[in-house]
Amino acid sequence: MGEFVGKRVVPDHVGVWDQKKTYEPLMIVLDSETGDSYISRKAVPTGISLSDESYWSLCAHYSAQMRKLEQDVDVDVQQMHSDVTAVKNAMSQEFQETHTAISKELDDTHKAISQELSETEQRVNENLEQTSSELTGKVEQAKSDLNTGRQELKDAKDTLNKRMDSIAGGKTSDAEILDARVDNQGTTHASLGEAMRSAEKTRGQWDDWLTTIVSQLLDEATGRETKELTFDSTIRTFINLNGTVGTLANESDSHWHTSEMIPVVAGHVYIITASSGWKKYYYAFYDSNENVLAGEIAPDNKSDKIENRIVIAPVGAVSMRITWIQVSNFMGKVEEVTRFLFPTNELNEKPESRMVAVETGLEKAKADLIAAATGEQNTLLSAAVVEGEALEFTYTANRCINEKAGEVHPLASENTAFRVSDPIPVNPGELYAFTVSGGWNKYLYAFYDADDKVVGGYQEKTDGVAGYRDRISPVPATAATVRIAWVENNHFTGVIKKVTRISYPSAELVGTAAEQATERDGKIAGLESYLADRVVDGNYEYTVGEKLKVTENNGIVLNPTTGAKVKEPSGNTNYRVSEPISVEPYTPYCISAAGKAGYGLYAFYDENGNRIGGENNTGNTDRKIENKVVTSPARAASIRIACINGMQSCGIQPMTRGYFIGMKPKWFGRTWVCLGDSLTESNSRTTKHYFDYIAEKTGIKTVNLGVSGTGYMRRKDINRAFYQRVSDIPEDADVITIFGSGNDLSSDQTLGTVTDTGTDTICGCINATIDAIYERIPLARLGIVTPTPWVGSMPSKTTCGMAKYSEAIVEICKRRSIPCLDLYHESNLRPDDENFRKLAFSKDGGNGVHPDEKGHEIIAASFQSLLERLIL
């Protein structure tokens, strides 16, 4: 029975109730089926049911216990948030003060160099503007000449057509035929057929000339600016060889798409991504009569794709189509090149007149860099860490670079350790870092122009071998290549890197800045450790993922301080260390490792390969860990794991946080079917939809039935309207939503009245969709969502088509007792606001129709409220 505490008797909790057991008075048992608790009124023999109130009394409900648990959890979470916020605020204040102090010391250092670079840039920009203006004039003149030629060609064609019509009508005299043989340049051809062929040849010459000019621009340009074109498309379609659009018969071919006609300009450059197959067009250009002028045809026996194909719209082209076979990571795309970019040296008619100014600016920058490297200038550049891409090259042994003309000569006494690279291409104005060595006034590296004449470099003046690592130098304005020289040994080899970044390690700062940097680094490390300890929450379930691939090196151990790989002293090949394995910061991993006494078990590294955390074996014998949960540090980019053959292999598995222990979301395991248009379909307008946000939060399974360009009525001509796709809905769906579609307003269709049946009006198609769902799934939990507002169709325009369309949807839902989410009036989207459109419709080409990730996140909250009304 219960226990006496003071003058009170405390009931005794004895676990789950068992009908086969006897119980004393004042014992509490748990009903495992209901979660309720009962207390015995008196001694209970075996076989007595909990429903027998003469023996048992209900003392606690399951829901009350769960409520208490939820309250306790809320209090703990709020306290944790308060603690973390307080720490972050304090740290932010101290970081700001440190940042201000360091910025003050660095500011003076950069001002001088910034001033010089700014003046050089201004001179270059002025010359570039003048050159661009000259080029624009030439291009405009070329366009004018082209238009003149096209008009002349058209005049000639019209004249010839009239003559041919006259001949065909049987009213042509010999004099008229003779006249038709004379072209618009006054040339008399031997026959009328020759005159016609000459006209076609003239058009072909214009095409060839245009292609030549644009191809030359493409070859000379170092870059280009583009704009992506937007267009509608149809599904299950392709482009026939005669340019018409064909339709595939099978529903399974709905991933085939063909664009509507896309306006183009003859002579403009376009970049096309498309796919097709079985001898159909990838893309085709059309004239004003929709005749095919040019295009590219796919293989005749399979499907294939083209990506970023550069094409030129031919003479006479006014539109184009493309076809693509859509998958999750491939969609058709057309970009128009709006501007070619050229290096300024190649645009000026007299580059030699500019070269002196550019050369002077670069030499000044070069002098500043050399002064910094030798400590003659107050700058941190001498303490810089250089990052860059090492270039590949070939070399010749027993060579040096002559100090006078930069010629490559063999040594007087053969020595293969002295080496000189073959010419390496470089670009004027870029920075390169040289690892070189040599002496005796020879060049350690030398720049050459296109005629192989030395135009710069560095000579070592000492009578002996001196070496340099990552010596920075800019490329002179006239340089085309560079050679490097070095003396090869076990610890030194020649390297040339194209500099991408110069950074400054805080350890090499001096004075107050160094002290502040050290203090800052300590605080950062403390905060990182504090946050890492809270990544894994014991109140949640965690799912262990697939093992990551591990490549091991034999006979290697981990240095416990640096995390570097070192050879095992005794040569025992059973000790092994993995190659670096990529990891994500602040992520829990399940790690299995084993290490030699005094060496590392595993080590985390930042993106520069510096050890930033890990665990060592500090004991006197080999030790292993198995399936240990470890959180990666904040700046972690990779990990190495040690292991011992026969004791423990290297293993690492990422972990994903699941649900609060004992409290899975109520929608977990349920299925939500989303029927809709391009705002639901997976396409390039967003990488995350409204249903993705809700699925992440609740665990609900989603089925995406969105098809671009469709609606309740639109695309019924190809059997893709909403009411025609109800058969795609799984019968075991727990909830169904229909979202859209303003596409119905893009066709000349009648809205109708809310009581319409059949499929002759939009309202009739809405009712037909609902009827088809109820016929297929009689107990369907259905919710309907109006379209979101579009630019030009805002709720403030109460008489616009979208407003009337949305009102009809709401009224039909009321009449049929269907929950309705009116996003037209309550979406929180403002596509008419240009600033808002840039933030929430960033991938829609300025159309203000398709929201991006931010826009879908905004409407996701409203969708969740609708689902709350549909699912228990």
# chains A, B, ... in the order shown; residues from 1 in each chain; ligands from 1

call {"tool": "select_by_dssp", "arguments": {"residues": "stretch 744-850 of chain A", "states": "strand (DSSP E or B)", "output": "ChimeraX atom specification"}}
result
/A:782-785,790,793,820-821

call {"tool": "write_last_selection", "arguments": {"atoms": "all heavy atoms", "output": "mmCIF file, in the first residue's frame"}}
result
data_model
loop_
_atom_site.group_PDB
_atom_site.id
_atom_site.type_symbol
_atom_site.label_atom_id
_atom_site.label_comp_id
_atom_site.auth_asym_id
_atom_site.auth_seq_id
_atom_site.Cartn_x
_atom_site.Cartn_y
_atom_site.Cartn_z
ATOM 1 N N LEU A 782 -11.467 18.648 -48.838
ATOM 2 C CA LEU A 782 -11.083 19.540 -49.930
ATOM 3 C C LEU A 782 -11.044 20.980 -49.464
ATOM 4 O O LEU A 782 -11.940 21.449 -48.767
ATOM 5 C CB LEU A 782 -12.077 19.387 -51.085
ATOM 6 C CG LEU A 782 -11.905 20.313 -52.295
ATOM 7 C CD1 LEU A 782 -10.565 20.065 -52.982
ATOM 8 C CD2 LEU A 782 -13.067 20.098 -53.272
ATOM 9 N N GLY A 783 -9.979 21.688 -49.851
ATOM 10 C CA GLY A 783 -9.876 23.123 -49.627
ATOM 11 C C GLY A 783 -9.510 23.805 -50.930
ATOM 12 O O GLY A 783 -8.720 23.281 -51.715
ATOM 13 N N ILE A 784 -10.103 24.978 -51.198
ATOM 14 C CA ILE A 784 -9.866 25.689 -52.447
ATOM 15 C C ILE A 784 -9.271 27.061 -52.139
ATOM 16 O O ILE A 784 -9.691 27.740 -51.196
ATOM 17 C CB ILE A 784 -11.161 25.816 -53.260
ATOM 18 C CG1 ILE A 784 -11.632 24.416 -53.691
ATOM 19 C CG2 ILE A 784 -10.955 26.711 -54.482
ATOM 20 C CD1 ILE A 784 -12.907 24.418 -54.520
ATOM 21 N N VAL A 785 -8.251 27.454 -52.957
ATOM 22 C CA VAL A 785 -7.499 28.690 -52.728
ATOM 23 C C VAL A 785 -7.609 29.569 -53.965
ATOM 24 O O VAL A 785 -7.389 29.106 -55.092
ATOM 25 C CB VAL A 785 -6.020 28.380 -52.434
ATOM 26 C CG1 VAL A 785 -5.278 29.652 -52.045
ATOM 27 C CG2 VAL A 785 -5.902 27.324 -51.338
ATOM 28 N N TRP A 790 -1.854 39.698 -59.082
ATOM 29 C CA TRP A 790 -0.792 39.901 -60.063
ATOM 30 C C TRP A 790 -0.630 41.402 -60.295
ATOM 31 O O TRP A 790 -1.521 42.212 -59.974
ATOM 32 C CB TRP A 790 -1.132 39.230 -61.390
ATOM 33 C CG TRP A 790 -1.235 37.736 -61.353
ATOM 34 C CD1 TRP A 790 -1.076 36.923 -60.261
ATOM 35 C CD2 TRP A 790 -1.541 36.871 -62.453
ATOM 36 N NE1 TRP A 790 -1.247 35.601 -60.611
ATOM 37 C CE2 TRP A 790 -1.537 35.541 -61.953
ATOM 38 C CE3 TRP A 790 -1.802 37.077 -63.796
ATOM 39 C CZ2 TRP A 790 -1.797 34.437 -62.768
ATOM 40 C CZ3 TRP A 790 -2.056 35.979 -64.609
ATOM 41 C CH2 TRP A 790 -2.053 34.678 -64.099
ATOM 42 N N SER A 793 -3.545 43.485 -61.626
ATOM 43 C CA SER A 793 -4.807 42.843 -61.205
ATOM 44 C C SER A 793 -4.853 42.794 -59.688
ATOM 45 O O SER A 793 -4.919 41.722 -59.084
ATOM 46 C CB SER A 793 -4.913 41.435 -61.801
ATOM 47 O OG SER A 793 -4.976 41.476 -63.204
ATOM 48 N N CYS A 820 -12.486 27.771 -47.895
ATOM 49 C CA CYS A 820 -11.842 28.550 -48.953
ATOM 50 C C CYS A 820 -10.815 29.501 -48.338
ATOM 51 O O CYS A 820 -11.094 30.159 -47.325
ATOM 52 C CB CYS A 820 -12.875 29.344 -49.747
ATOM 53 S SG CYS A 820 -12.178 30.338 -51.083
ATOM 54 N N LEU A 821 -9.626 29.558 -48.931
ATOM 55 C CA LEU A 821 -8.594 30.507 -48.526
ATOM 56 C C LEU A 821 -8.523 31.592 -49.601
ATOM 57 O O LEU A 821 -8.135 31.311 -50.742
ATOM 58 C CB LEU A 821 -7.241 29.792 -48.386
ATOM 59 C CG LEU A 821 -6.026 30.678 -48.087
ATOM 60 C CD1 LEU A 821 -6.197 31.417 -46.769
ATOM 61 C CD2 LEU A 821 -4.750 29.828 -48.064
#

call {"tool": "residues_around", "arguments": {"residues": "stretch 301-303 of chain A", "least_positions_apart": "2", "cutoff": "7 Å", "atoms": "only C-alpha atoms", "output": "list in words"}}
result
Ser276, Gly277, Trp278 and Pro299 of chain A

call {"tool": "residues_around", "arguments": {"residues": "A:Gly467", "least_positions_apart": "3", "cutoff": "10 Å", "atoms": "only C-alpha atoms", "output": "number ranges by chain"}}
result
A: 435-439, 444, 460, 471, 486-487, 492-494

call {"tool": "closest_residue", "arguments": {"among": "A:Ala249, A:Val29, A:Cys765, A:Met655", "to": "A:Tyr542", "atoms": "only C-alpha atoms"}}
result
A:Met655

call {"tool": "closest_residue", "arguments": {"among": "A:Arg576, A:Lys628, A:Lys565, A:Lys280", "to": "A:Val550", "atoms": "only C-alpha atoms"}}
result
A:Arg576

call {"tool": "atom_distance", "arguments": {"atom1": "atom CA of A:Ser413", "atom2": "atom CA of A:Asp470"}}
result
29.2 Å

call {"tool": "atom_distance", "arguments": {"atom1": "atom CA of A:Arg715", "atom2": "atom CA of A:Gly845"}}
result
23.7 Å

call {"tool": "atom_distance", "arguments": {"atom1": "atom CA of A:Arg623", "atom2": "atom CA of A:Gly651"}}
result
15.0 Å

call {"tool": "closest_residue", "arguments": {"among": "A:Ala840, A:Leu872, A:Ala405, A:Ile424", "to": "A:Phe668", "atoms": "only C-alpha atoms"}}
result
A:Leu872

call {"tool": "residues_around", "arguments": {"residues": "A:Ile262", "least_positions_apart": "5", "cutoff": "8 Å", "atoms": "only C-alpha atoms", "output": "JSON, numbers by chain"}}
result
{"A": [231, 319, 320, 321]}

call {"tool": "write_last_selection", "arguments": {"atoms": "N, CA, C and O atoms", "output": "mmCIF file, in the first residue's frame"}}
result
data_model
loop_
_atom_site.group_PDB
_atom_site.id
_atom_site.type_symbol
_atom_site.label_atom_id
_atom_site.label_comp_id
_atom_site.auth_asym_id
_atom_site.auth_seq_id
_atom_site.Cartn_x
_atom_site.Cartn_y
_atom_site.Cartn_z
ATOM 1 N N PHE A 231 8.497 33.199 -71.202
ATOM 2 C CA PHE A 231 7.550 32.725 -72.201
ATOM 3 C C PHE A 231 6.659 31.655 -71.593
ATOM 4 O O PHE A 231 7.026 31.013 -70.612
ATOM 5 N N SER A 319 10.766 35.587 -84.773
ATOM 6 C CA SER A 319 10.366 34.820 -83.593
ATOM 7 C C SER A 319 11.108 33.492 -83.589
ATOM 8 O O SER A 319 11.766 33.110 -84.568
ATOM 9 N N MET A 320 10.978 32.789 -82.465
ATOM 10 C CA MET A 320 11.601 31.471 -82.336
ATOM 11 C C MET A 320 10.789 30.635 -81.366
ATOM 12 O O MET A 320 9.990 31.138 -80.573
ATOM 13 N N ARG A 321 10.995 29.327 -81.420
ATOM 14 C CA ARG A 321 10.459 28.384 -80.433
ATOM 15 C C ARG A 321 11.592 27.493 -79.958
ATOM 16 O O ARG A 321 12.555 27.260 -80.687
#

call {"tool": "closest_residue", "arguments": {"among": "A:Val482, A:Val337, A:Ala450, A:Val726", "to": "A:Ile770", "atoms": "only C-alpha atoms"}}
result
A:Val726

call {"tool": "residues_around", "arguments": {"residues": "A:Ile762", "least_positions_apart": "5", "cutoff": "9 Å", "atoms": "only C-alpha atoms", "output": "list of chain:residue names"}}
result
A:Tyr712, A:Met713, A:Arg714, A:Asp744, A:Gln749, A:Thr750, A:Leu751, A:Gly752, A:Thr753, A:Asp756, A:Asn767, A:Tyr805

call {"tool": "select_by_dssp", "arguments": {"residues": "stretch 827-867 of chain A", "states": "alpha helix (DSSP H)", "output": "number ranges by chain"}}
result
A: 834-840, 853-867

call {"tool": "write_last_selection", "arguments": {"atoms": "C-alpha atoms", "output": "PDB file, in the first residue's frame"}}
result
ATOM      1  CA  GLU A 834       8.429  47.584 -57.074  1.00  0.00           C
ATOM      2  CA  ASN A 835      10.607  47.276 -53.957  1.00  0.00           C
ATOM      3  CA  PHE A 836       8.496  44.377 -52.627  1.00  0.00           C
ATOM      4  CA  ARG A 837       8.550  42.730 -56.073  1.00  0.00           C
ATOM      5  CA  LYS A 838      12.365  42.762 -56.085  1.00  0.00           C
ATOM      6  CA  LEU A 839      12.380  40.968 -52.709  1.00  0.00           C
ATOM      7  CA  ALA A 840       9.567  38.423 -53.145  1.00  0.00           C
ATOM      8  CA  GLU A 853      11.203  31.544 -51.934  1.00  0.00           C
ATOM      9  CA  LYS A 854      10.402  34.583 -49.762  1.00  0.00           C
ATOM     10  CA  GLY A 855       6.994  35.001 -51.379  1.00  0.00           C
ATOM     11  CA  HIS A 856       6.086  31.332 -50.869  1.00  0.00           C
ATOM     12  CA  GLU A 857       7.201  31.546 -47.229  1.00  0.00           C
ATOM     13  CA  ILE A 858       4.737  34.420 -46.727  1.00  0.00           C
ATOM     14  CA  ILE A 859       1.720  32.521 -48.107  1.00  0.00           C
ATOM     15  CA  ALA A 860       2.746  29.231 -46.413  1.00  0.00           C
ATOM     16  CA  ALA A 861       1.416  30.495 -43.065  1.00  0.00           C
ATOM     17  CA  SER A 862      -2.037  31.013 -44.623  1.00  0.00           C
ATOM     18  CA  PHE A 863      -1.959  27.564 -46.205  1.00  0.00           C
ATOM     19  CA  GLN A 864      -1.182  26.027 -42.812  1.00  0.00           C
ATOM     20  CA  SER A 865      -4.235  27.724 -41.302  1.00  0.00           C
ATOM     21  CA  LEU A 866      -6.351  26.155 -44.068  1.00  0.00           C
ATOM     22  CA  LEU A 867      -4.897  22.701 -43.372  1.00  0.00           C
TER      23      LEU A 867
END

call {"tool": "residues_around", "arguments": {"residues": "A:Glu251", "least_positions_apart": "6", "cutoff": "12 Å", "atoms": "only C-alpha atoms", "output": "list in words"}}
result
Ile235, Arg236, Thr237, Ile718, Asn719, Arg720, Gln724, Arg725, Ser727 and Asp728 of chain A

call {"tool": "residues_around", "arguments": {"residues": "A:Ala446", "least_positions_apart": "3", "cutoff": "7 Å", "atoms": "only C-alpha atoms", "output": "ChimeraX atom specification"}}
result
/A:406,443,454,456-458,482-484
